[in-house]
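**Student:** Provided below: model27.tsv, containing TSV, C-alpha atoms.
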chain	number	residue	atom	x	y	z
P	1	MET	CA	26.23	103.54	153.97
P	2	ASN	CA	26.06	107.27	154.79
P	3	GLU	CA	23.77	109.00	152.31
P	4	ILE	CA	21.21	111.79	152.31
P	5	GLN	CA	18.72	113.18	149.83
P	6	LEU	CA	19.42	116.60	148.33
P	7	SER	CA	15.89	117.70	149.26
P	8	ASP	CA	16.66	117.05	152.94
P	9	LEU	CA	19.62	119.45	153.02
P	10	SER	CA	19.31	122.99	154.32
P	11	LEU	CA	21.62	124.71	151.84
P	12	GLY	CA	23.16	128.07	152.70
P	13	ARG	CA	25.43	130.37	150.72
P	14	HIS	CA	27.78	129.34	147.94
P	15	ILE	CA	31.39	129.27	149.13
P	16	ALA	CA	33.20	128.47	145.88
P	17	GLU	CA	32.77	127.49	142.25
P	18	GLY	CA	35.00	124.90	140.64
P	19	SER	CA	35.29	123.22	137.28
P	20	GLN	CA	33.28	120.24	138.52
P	21	GLY	CA	30.75	121.78	140.85
P	22	ARG	CA	29.73	124.21	143.57
P	23	ILE	CA	30.73	124.22	147.23
P	24	ILE	CA	27.78	125.22	149.42
P	25	GLU	CA	27.60	125.54	153.19
P	26	LEU	CA	24.87	123.84	155.18
P	27	ALA	CA	22.79	126.45	156.97
P	28	ASP	CA	22.13	124.20	159.96
P	29	HIS	CA	25.62	122.63	160.17
P	30	PRO	CA	28.28	125.35	159.76
P	31	GLY	CA	31.14	122.85	160.00
P	32	THR	CA	29.91	120.92	156.95
P	33	VAL	CA	29.76	121.80	153.26
P	34	ALA	CA	28.29	120.10	150.22
P	35	LYS	CA	29.98	119.64	146.88
P	36	LEU	CA	27.26	119.42	144.24
P	37	TYR	CA	28.35	118.40	140.76
P	38	ARG	CA	27.53	120.48	137.72
P	39	THR	CA	24.91	119.19	135.30
P	40	ARG	CA	27.50	118.24	132.69
P	41	GLU	CA	29.40	116.13	135.25
P	42	LEU	CA	26.37	114.29	136.64
P	43	GLY	CA	26.24	111.82	133.78
P	44	LEU	CA	29.91	110.96	134.36
P	45	VAL	CA	29.78	110.48	138.13
P	46	ASP	CA	30.53	106.95	139.33
P	47	GLY	CA	28.29	106.72	142.39
P	48	ARG	CA	29.78	103.37	143.39
P	49	ALA	CA	33.27	104.86	143.53
P	50	LEU	CA	32.07	107.74	145.69
P	51	ALA	CA	30.19	105.40	148.03
P	52	GLU	CA	33.35	103.32	148.46
P	53	LEU	CA	35.37	106.44	149.24
P	54	VAL	CA	32.86	107.32	151.96
P	55	ARG	CA	32.87	103.75	153.28
P	56	ILE	CA	36.60	103.58	153.90
P	57	ARG	CA	37.18	107.09	155.24
P	58	GLY	CA	37.69	105.74	158.75
P	59	LEU	CA	40.57	103.56	157.51
P	60	VAL	CA	42.57	106.44	156.06
P	61	GLU	CA	45.32	107.75	158.31
P	62	SER	CA	48.82	109.17	158.08
P	63	GLU	CA	51.41	108.90	160.83
P	64	GLY	CA	48.72	108.11	163.39
P	65	LEU	CA	46.45	111.00	162.36
P	66	GLN	CA	42.90	110.37	161.18
P	67	VAL	CA	41.86	111.59	157.76
P	68	ASP	CA	40.14	114.80	158.93
P	69	HIS	CA	43.53	116.14	160.02
P	70	PHE	CA	44.93	116.15	156.48
P	71	ALA	CA	42.11	115.76	153.95
P	72	ALA	CA	38.66	117.20	153.22
P	73	TRP	CA	37.34	113.68	152.66
P	74	PRO	CA	33.72	112.87	151.65
P	75	HIS	CA	31.72	111.48	154.56
P	76	THR	CA	28.16	111.36	153.13
P	77	VAL	CA	26.83	110.75	149.61
P	78	VAL	CA	24.21	113.25	148.44
P	79	LEU	CA	21.48	111.71	146.28
P	80	ASP	CA	18.89	113.41	144.09
P	81	GLY	CA	16.38	110.62	143.90
P	82	LEU	CA	18.44	107.65	142.70
P	83	ARG	CA	21.15	109.78	141.10
P	84	THR	CA	24.40	110.71	142.85
P	85	ALA	CA	24.43	114.51	143.07
P	86	GLY	CA	27.50	115.12	145.24
P	87	PHE	CA	28.70	114.63	148.78
P	88	LEU	CA	29.20	116.22	152.19
P	89	MET	CA	32.58	116.89	153.79
P	90	GLN	CA	34.09	118.90	156.59
P	91	ARG	CA	34.51	122.60	155.99
P	92	VAL	CA	38.14	123.74	155.80
P	93	HIS	CA	38.61	126.41	158.47
P	94	GLU	CA	41.50	128.24	160.04
P	95	PRO	CA	44.41	127.77	160.02
P	96	PHE	CA	44.18	126.77	156.32
P	97	LEU	CA	42.90	130.21	155.32
P	98	ALA	CA	44.78	133.27	154.14
P	99	GLY	CA	43.77	136.92	154.28
P	100	PHE	CA	43.22	138.87	151.06
P	101	GLY	CA	42.33	142.36	152.18
P	102	PRO	CA	38.91	142.16	153.86
P	103	ALA	CA	38.29	138.62	152.59
P	104	THR	CA	39.75	135.19	153.33
P	105	ALA	CA	40.25	132.18	151.09
P	106	LEU	CA	41.99	128.83	151.22
P	107	ALA	CA	45.75	129.11	151.52
P	108	GLU	CA	46.41	127.09	148.39
P	109	LEU	CA	49.79	125.73	147.45
P	110	GLY	CA	49.96	128.21	144.60
P	111	LEU	CA	50.67	130.95	147.17
P	112	LEU	CA	54.08	129.33	147.72
P	113	VAL	CA	54.97	129.47	144.03
P	114	ASP	CA	55.62	132.74	142.19
P	115	THR	CA	54.12	134.58	145.14
P	116	GLY	CA	54.40	138.18	143.95
P	117	ASP	CA	53.51	140.58	146.79
P	118	VAL	CA	52.28	137.88	149.18
P	119	ARG	CA	54.67	137.29	152.04
P	120	SER	CA	54.97	133.56	152.58
P	121	PRO	CA	56.82	131.02	154.73
P	122	GLY	CA	60.59	130.78	154.63
P	123	ILE	CA	62.62	127.74	153.66
P	124	TYR	CA	62.27	126.08	157.08
P	125	GLU	CA	58.48	125.89	156.87
P	126	ARG	CA	58.53	125.09	153.14
P	127	VAL	CA	60.71	122.04	153.74
P	128	LEU	CA	58.41	120.82	156.52
P	129	LEU	CA	55.30	121.50	154.42
P	130	MET	CA	56.73	119.34	151.63
P	131	ARG	CA	57.61	116.66	154.15
P	132	ALA	CA	54.00	116.70	155.37
P	133	LEU	CA	52.75	116.34	151.78
P	134	ALA	CA	55.15	113.47	151.09
P	135	ALA	CA	54.03	111.67	154.27
P	136	VAL	CA	50.35	111.95	153.29
P	137	MET	CA	51.08	110.70	149.76
P	138	ASP	CA	53.07	107.81	151.20
P	139	ALA	CA	50.08	106.87	153.36
P	140	LEU	CA	47.79	106.84	150.30
P	141	HIS	CA	50.25	104.81	148.23
P	142	ARG	CA	50.64	102.24	150.99
P	143	GLN	CA	46.89	101.67	150.77
P	144	GLY	CA	46.95	101.23	147.01
P	145	LEU	CA	45.59	104.71	146.24
P	146	VAL	CA	46.79	107.41	143.88
P	147	LEU	CA	46.23	111.14	144.31
P	148	GLY	CA	46.10	111.93	140.59
P	149	ASP	CA	45.70	115.65	140.01
P	150	LEU	CA	48.33	117.09	142.33
P	151	SER	CA	48.28	120.81	141.63
P	152	PRO	CA	48.59	124.20	143.38
P	153	ARG	CA	44.80	124.38	143.76
P	154	ASN	CA	44.04	121.08	145.44
P	155	ILE	CA	46.35	121.35	148.45
P	156	ALA	CA	45.98	123.86	151.27
P	157	TRP	CA	48.72	124.55	153.81
P	158	SER	CA	49.27	126.00	157.24
P	159	VAL	CA	52.27	126.64	159.48
P	160	THR	CA	50.12	126.86	162.63
P	161	PRO	CA	50.72	125.21	165.03
P	162	VAL	CA	53.14	123.22	162.85
P	163	PRO	CA	53.66	123.06	159.06
P	164	ARG	CA	50.98	120.76	157.63
P	165	VAL	CA	48.83	120.27	154.56
P	166	MET	CA	45.17	119.61	153.77
P	167	LEU	CA	44.22	117.68	150.64
P	168	LEU	CA	41.35	119.14	148.63
P	169	ASP	CA	39.51	117.59	145.66
P	170	CYS	CA	39.71	114.23	147.39
P	171	ASP	CA	37.09	112.80	145.07
P	172	GLY	CA	39.98	112.65	142.57
P	173	ILE	CA	41.77	110.02	144.66
P	174	ARG	CA	41.28	106.50	143.34
P	175	PRO	CA	42.60	102.95	143.67
P	176	ALA	CA	45.53	102.38	141.34
P	177	GLY	CA	44.25	100.96	138.06
P	178	GLU	CA	40.57	101.60	138.82
P	179	ASP	CA	38.03	104.21	137.81
P	180	GLY	CA	37.39	107.17	140.08
P	181	VAL	CA	34.32	109.26	140.77
P	182	LEU	CA	34.96	111.26	137.60
P	183	PRO	CA	37.37	110.80	134.68
P	184	PRO	CA	40.94	111.70	135.72
P	185	ALA	CA	42.05	115.31	135.40
P	186	ASP	CA	45.45	116.97	135.03
P	187	THR	CA	46.21	120.60	135.79
P	188	ARG	CA	48.01	122.20	132.87
P	189	GLY	CA	51.70	122.61	133.59
P	190	TRP	CA	51.63	120.06	136.43
P	191	GLU	CA	51.35	116.87	134.34
P	192	ASP	CA	53.66	113.89	134.16
P	193	PRO	CA	54.87	114.12	130.52
P	194	THR	CA	55.22	110.33	130.32
P	195	ASN	CA	51.61	109.75	131.40
P	196	LEU	CA	49.64	112.27	129.35
P	197	GLY	CA	46.10	111.14	128.57
P	198	MET	CA	46.42	108.00	130.70
P	199	PRO	CA	44.98	107.10	134.12
P	200	PRO	CA	47.03	108.28	137.11
P	201	THR	CA	49.48	105.89	138.71
P	202	ALA	CA	51.68	105.87	141.79
P	203	ASP	CA	54.59	106.63	139.46
P	204	SER	CA	52.87	109.70	137.98
P	205	ASP	CA	52.13	110.79	141.56
P	206	ARG	CA	55.84	110.50	142.33
P	207	PHE	CA	56.77	112.73	139.40
P	208	LYS	CA	54.20	115.35	140.42
P	209	LEU	CA	55.45	115.25	144.00
P	210	ALA	CA	59.00	115.96	142.80
P	211	LEU	CA	57.66	118.76	140.59
P	212	THR	CA	55.79	120.27	143.53
P	213	ILE	CA	58.80	120.06	145.83
P	214	ALA	CA	61.00	121.74	143.21
P	215	ARG	CA	58.52	124.60	142.74
P	216	VAL	CA	57.68	125.19	146.39
P	217	LEU	CA	61.29	125.12	147.59
P	218	THR	CA	62.51	127.45	144.84
P	219	GLY	CA	59.38	129.60	144.45
P	220	ASP	CA	59.73	129.12	140.68
P	221	ARG	CA	56.54	127.95	138.93
P	222	ASN	CA	58.60	126.66	135.98
P	223	ALA	CA	60.99	124.54	138.05
P	224	ALA	CA	61.06	120.84	137.14
P	225	PRO	CA	63.30	117.86	137.98
P	226	ALA	CA	64.77	117.71	134.47
P	227	LEU	CA	65.75	121.41	134.63
P	228	ARG	CA	68.01	120.91	137.66
P	229	PRO	CA	66.23	123.35	140.00
P	230	ASP	CA	68.47	125.54	142.16
P	231	LEU	CA	68.26	123.93	145.60
P	232	THR	CA	71.20	125.78	147.15
P	233	PHE	CA	69.57	127.03	150.33
P	234	ALA	CA	71.22	129.42	152.74
P	235	GLY	CA	72.17	128.62	156.32
P	236	GLU	CA	71.59	125.31	158.02
P	237	ALA	CA	69.16	124.19	155.31
P	238	GLY	CA	72.22	123.64	153.12
P	239	ILE	CA	72.58	120.20	154.68
P	240	LEU	CA	69.64	119.12	152.50
P	241	VAL	CA	71.03	120.28	149.15
P	242	GLY	CA	72.98	117.12	148.30
P	243	PRO	CA	70.26	114.59	149.19
P	244	LEU	CA	67.51	116.65	147.55
P	245	THR	CA	69.54	117.14	144.37
P	246	ARG	CA	70.15	113.40	144.10
P	247	LEU	CA	66.45	112.62	144.50
P	248	MET	CA	65.53	115.35	142.00
P	249	ASP	CA	67.93	113.87	139.43
P	250	GLN	CA	66.39	110.46	140.04
P	251	ALA	CA	62.88	111.91	139.59
P	252	ALA	CA	63.93	113.25	136.17
P	253	GLY	CA	64.71	109.69	135.07
P	254	PRO	CA	62.42	107.14	133.42
P	255	PRO	CA	59.18	105.88	134.99
P	256	GLY	CA	59.70	103.11	137.49
P	257	LEU	CA	62.87	104.62	138.93
P	258	ARG	CA	61.43	107.75	140.53
P	259	PRO	CA	61.85	108.33	144.28
P	260	THR	CA	58.96	107.19	146.43
P	261	ALA	CA	57.01	109.55	148.66
P	262	SER	CA	58.61	107.77	151.63
P	263	GLN	CA	62.11	108.62	150.33
P	264	TRP	CA	61.17	112.30	149.99
P	265	ALA	CA	59.63	112.34	153.48
P	266	THR	CA	62.81	110.88	154.97
P	267	VAL	CA	65.12	113.43	153.32
P	268	LEU	CA	62.80	116.35	154.14
P	269	ASP	CA	62.62	115.45	157.84
P	270	VAL	CA	64.69	118.33	159.20
P	271	ARG	CA	64.03	117.82	162.89
P	272	SER	CA	67.61	116.65	163.39
P	273	PRO	CA	69.51	119.23	161.27
P	274	TRP	CA	67.44	122.06	162.73
P	275	ALA	CA	67.16	120.73	166.25
P	276	GLY	CA	66.73	123.57	168.71
P	277	THR	CA	65.81	126.06	165.99
P	278	ALA	CA	62.31	127.39	166.48
P	279	PRO	CA	60.40	127.95	163.24
P	280	PRO	CA	59.76	131.62	162.50
P	281	ALA	CA	56.31	133.02	163.23
P	282	PRO	CA	54.02	132.72	160.20
P	283	PRO	CA	54.04	136.05	158.30
P	284	ALA	CA	50.82	137.90	157.56
P	285	MET	CA	49.41	137.62	154.06
P	286	ARG	CA	49.02	140.87	152.17
P	287	SER	CA	46.24	141.59	149.75
P	288	ARG	CA	46.57	140.68	146.10
P	289	GLY	CA	42.87	140.44	145.30
P	290	PRO	CA	40.33	137.66	145.66
P	291	SER	CA	41.38	134.03	145.27
P	292	PRO	CA	39.57	131.74	142.82
P	293	SER	CA	39.73	128.95	145.38
P	294	GLY	CA	37.43	126.08	144.49
P	295	GLU	CA	37.05	122.33	144.34
P	296	ILE	CA	37.17	119.77	147.09
P	297	LEU	CA	37.36	115.92	147.05
P	298	ARG	CA	37.42	112.21	145.37
P	299	PRO	CA	37.69	107.88	145.61
P	300	PHE	CA	39.35	104.55	146.88
P	301	ARG	CA	39.77	100.75	147.03
P	302	ARG	CA	36.58	99.07	145.91
P	303	SER	CA	34.90	96.31	147.84
P	304	ARG	CA	34.41	93.24	145.65
Here is the file; what I need is its structure written in the form of C-alpha cells.

**Tutor:**
Amino acid sequence: MNEIQLSDLSLGRHIAEGSQGRIIELADHPGTVAKLYRTRELGLVDGRALAELVRIRGLVESEGLQVDHFAAWPHTVVLDGLRTAGFLMQRVHEPFLAGFGPATALAELGLLVDTGDVRSPGIYERVLLMRALAAVMDALHRQGLVLGDLSPRNIAWSVTPVPRVMLLDCDGIRPAGEDGVLPPADTRGWEDPTNLGMPPTADSDRFKLALTIARVLTGDRNAAPALRPDLTFAGEAGILVGPLTRLMDQAAGPPGLRPTASQWATVLDVRSPWAGTAPPAPPAMRSRGPSPSGEILRPFRRSR
C-alpha cells in the first residue's frame, strides 16, 4: 500500500483551509499536495477506508479516462506514527482555476450559480459541463460508489479545451451502504430532503445531481426539481427543454424513481443538436474578491 510518514514530508505553504483540514503543497513536489485532517477529525478518520480508496484508484475511470482526469483522488496515505493523518493527491492546476483580481482560486461550481459580476460560460458550455458531471457520477455508481456531498464547493470546472469537471473532496466518496473516511456530510441547501441525517445513497446522489443541473442551467441558487425550474433556453438549446423538463419532474418524485446519472448524461449530450456549432471562447473572470476555496477528497469498495 502507498503510505508515507508525516515526518518524511517536506511541507510548503498552506494553499487552503477547509472544514476538515488544511491543504498544503509539498515543497519538493510542486504537483502534489497534502490534505492533513484537523485535530478534531483525527479521532473520526477511518484509516482502513482511506487505504482502500488509495488501493483502487487505478480502477476508477470514466468514459476511458483515468481518474486523474476528473478527480483529485488520494494516492498516498499520510501516517503520523500509527495514526492516519491525511493523504497526498495531485494538485489541481489550470485550467480548473479562475482569476480573482491578482489572485487565482479553484473555479468551483458555485461560480455558475448566482454569479453576480463574474462572467461565466453560456448555456452551451453549461449543458456540456453537466453532462460531464453526470458521466462521472454514472461511472462511480456503476462501481457501487456514492459521491455523497455534491455541492458547489466540491466540484471544479473548466471549458478548456472542452467542458469538463474535476471532483474535489474525494475522501467523501464511499461504497454504497458502507462507512467512509469520515462521517457523511451534507452542504446546507444542497441536501436530499428524503435522506436527511442518513448515509448517502445512489438515490440521494441522483436527487443532488438533478438539483445541481437545475441550478447550473438556470443560474438560480434556489432552483429545485419540485419547483419546476425554468428550462426554456434560447436558440438551438431549446431542443433539450422537453427531455430535461420530463427528467426534472421525475427527479421531484419519490425515492427509487429518480433519473439515473446515465439518463441525464444521455439527454445532455448535445453533440448532435449542436453539430457544427463551435463552443464560444471561455470568457475572462472578473474580480469579486478572494474565494474561500477549500477541501479535497474521500473512499471506496472495501476488500474483504

**Student:** Env of Leu11 of chain P: 12 Å cut, atoms = all atoms listed in the file, seq-sep filter 2 positions within chain, self excluded. Answer as a list in words.

**Tutor:**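 Once the adjacent positions are removed, what remains is Leu6, Ser7, Asp8, Leu9, Arg13, His14, Ile15, Arg22, Ile23, Ile24, Glu25, Leu26, Ala27, Asp28, His29, Pro30, Thr32, Val33, Ala34, Lys35, Leu36 and Leu88 of chain P.
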
**Student:** At a cut-off of 12 Å, using all atoms listed in the file, what residues contact Arg40 of chain P? Leave out same-chain residues fewer than 5 positions from it and give the result as a list in words.

**Tutor:**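 Surrounding residues, per the criterion: Ser19, Gln20, Gly21, Val45, Ala85 and Leu182 of chain P.
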
**Student:** Using only C-alpha atoms, which of the listed residues (P:Ala214, P:Ala226, P:Ala237, P:Leu112) sits closest to Gln250 of chain P?

**Tutor:**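 Counting only C-alpha atoms, the residue closest to Gln250 of chain P is P:Ala226.
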
**Student:** With distances taken over all atoms listed in the file, which of P:Gly18, P:Gly58, P:Pro121, P:Gly144 is nearest to Tyr37 of chain P?

**Tutor:**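 Closest residue, counting all atoms listed in the file: P:Gly18.
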
**Student:** Within 8 Å of segment 68-71 of chain P, counting only C-alpha atoms, which residues show up once you throw out same-chain ones fewer than 4 positions away? Write them as a PyMOL selection string, please.

**Tutor:** chain P and resi 90+136+164-168+170

**Student:** Which of these, P:Asp80, P:Asp269, P:Glu178, P:Asp192, has the shortest distance to Leu240 of chain P once you count all atoms listed in the file?

**Tutor:**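 Ranked by minimum distance to Leu240 of chain P, first place goes to P:Asp269.
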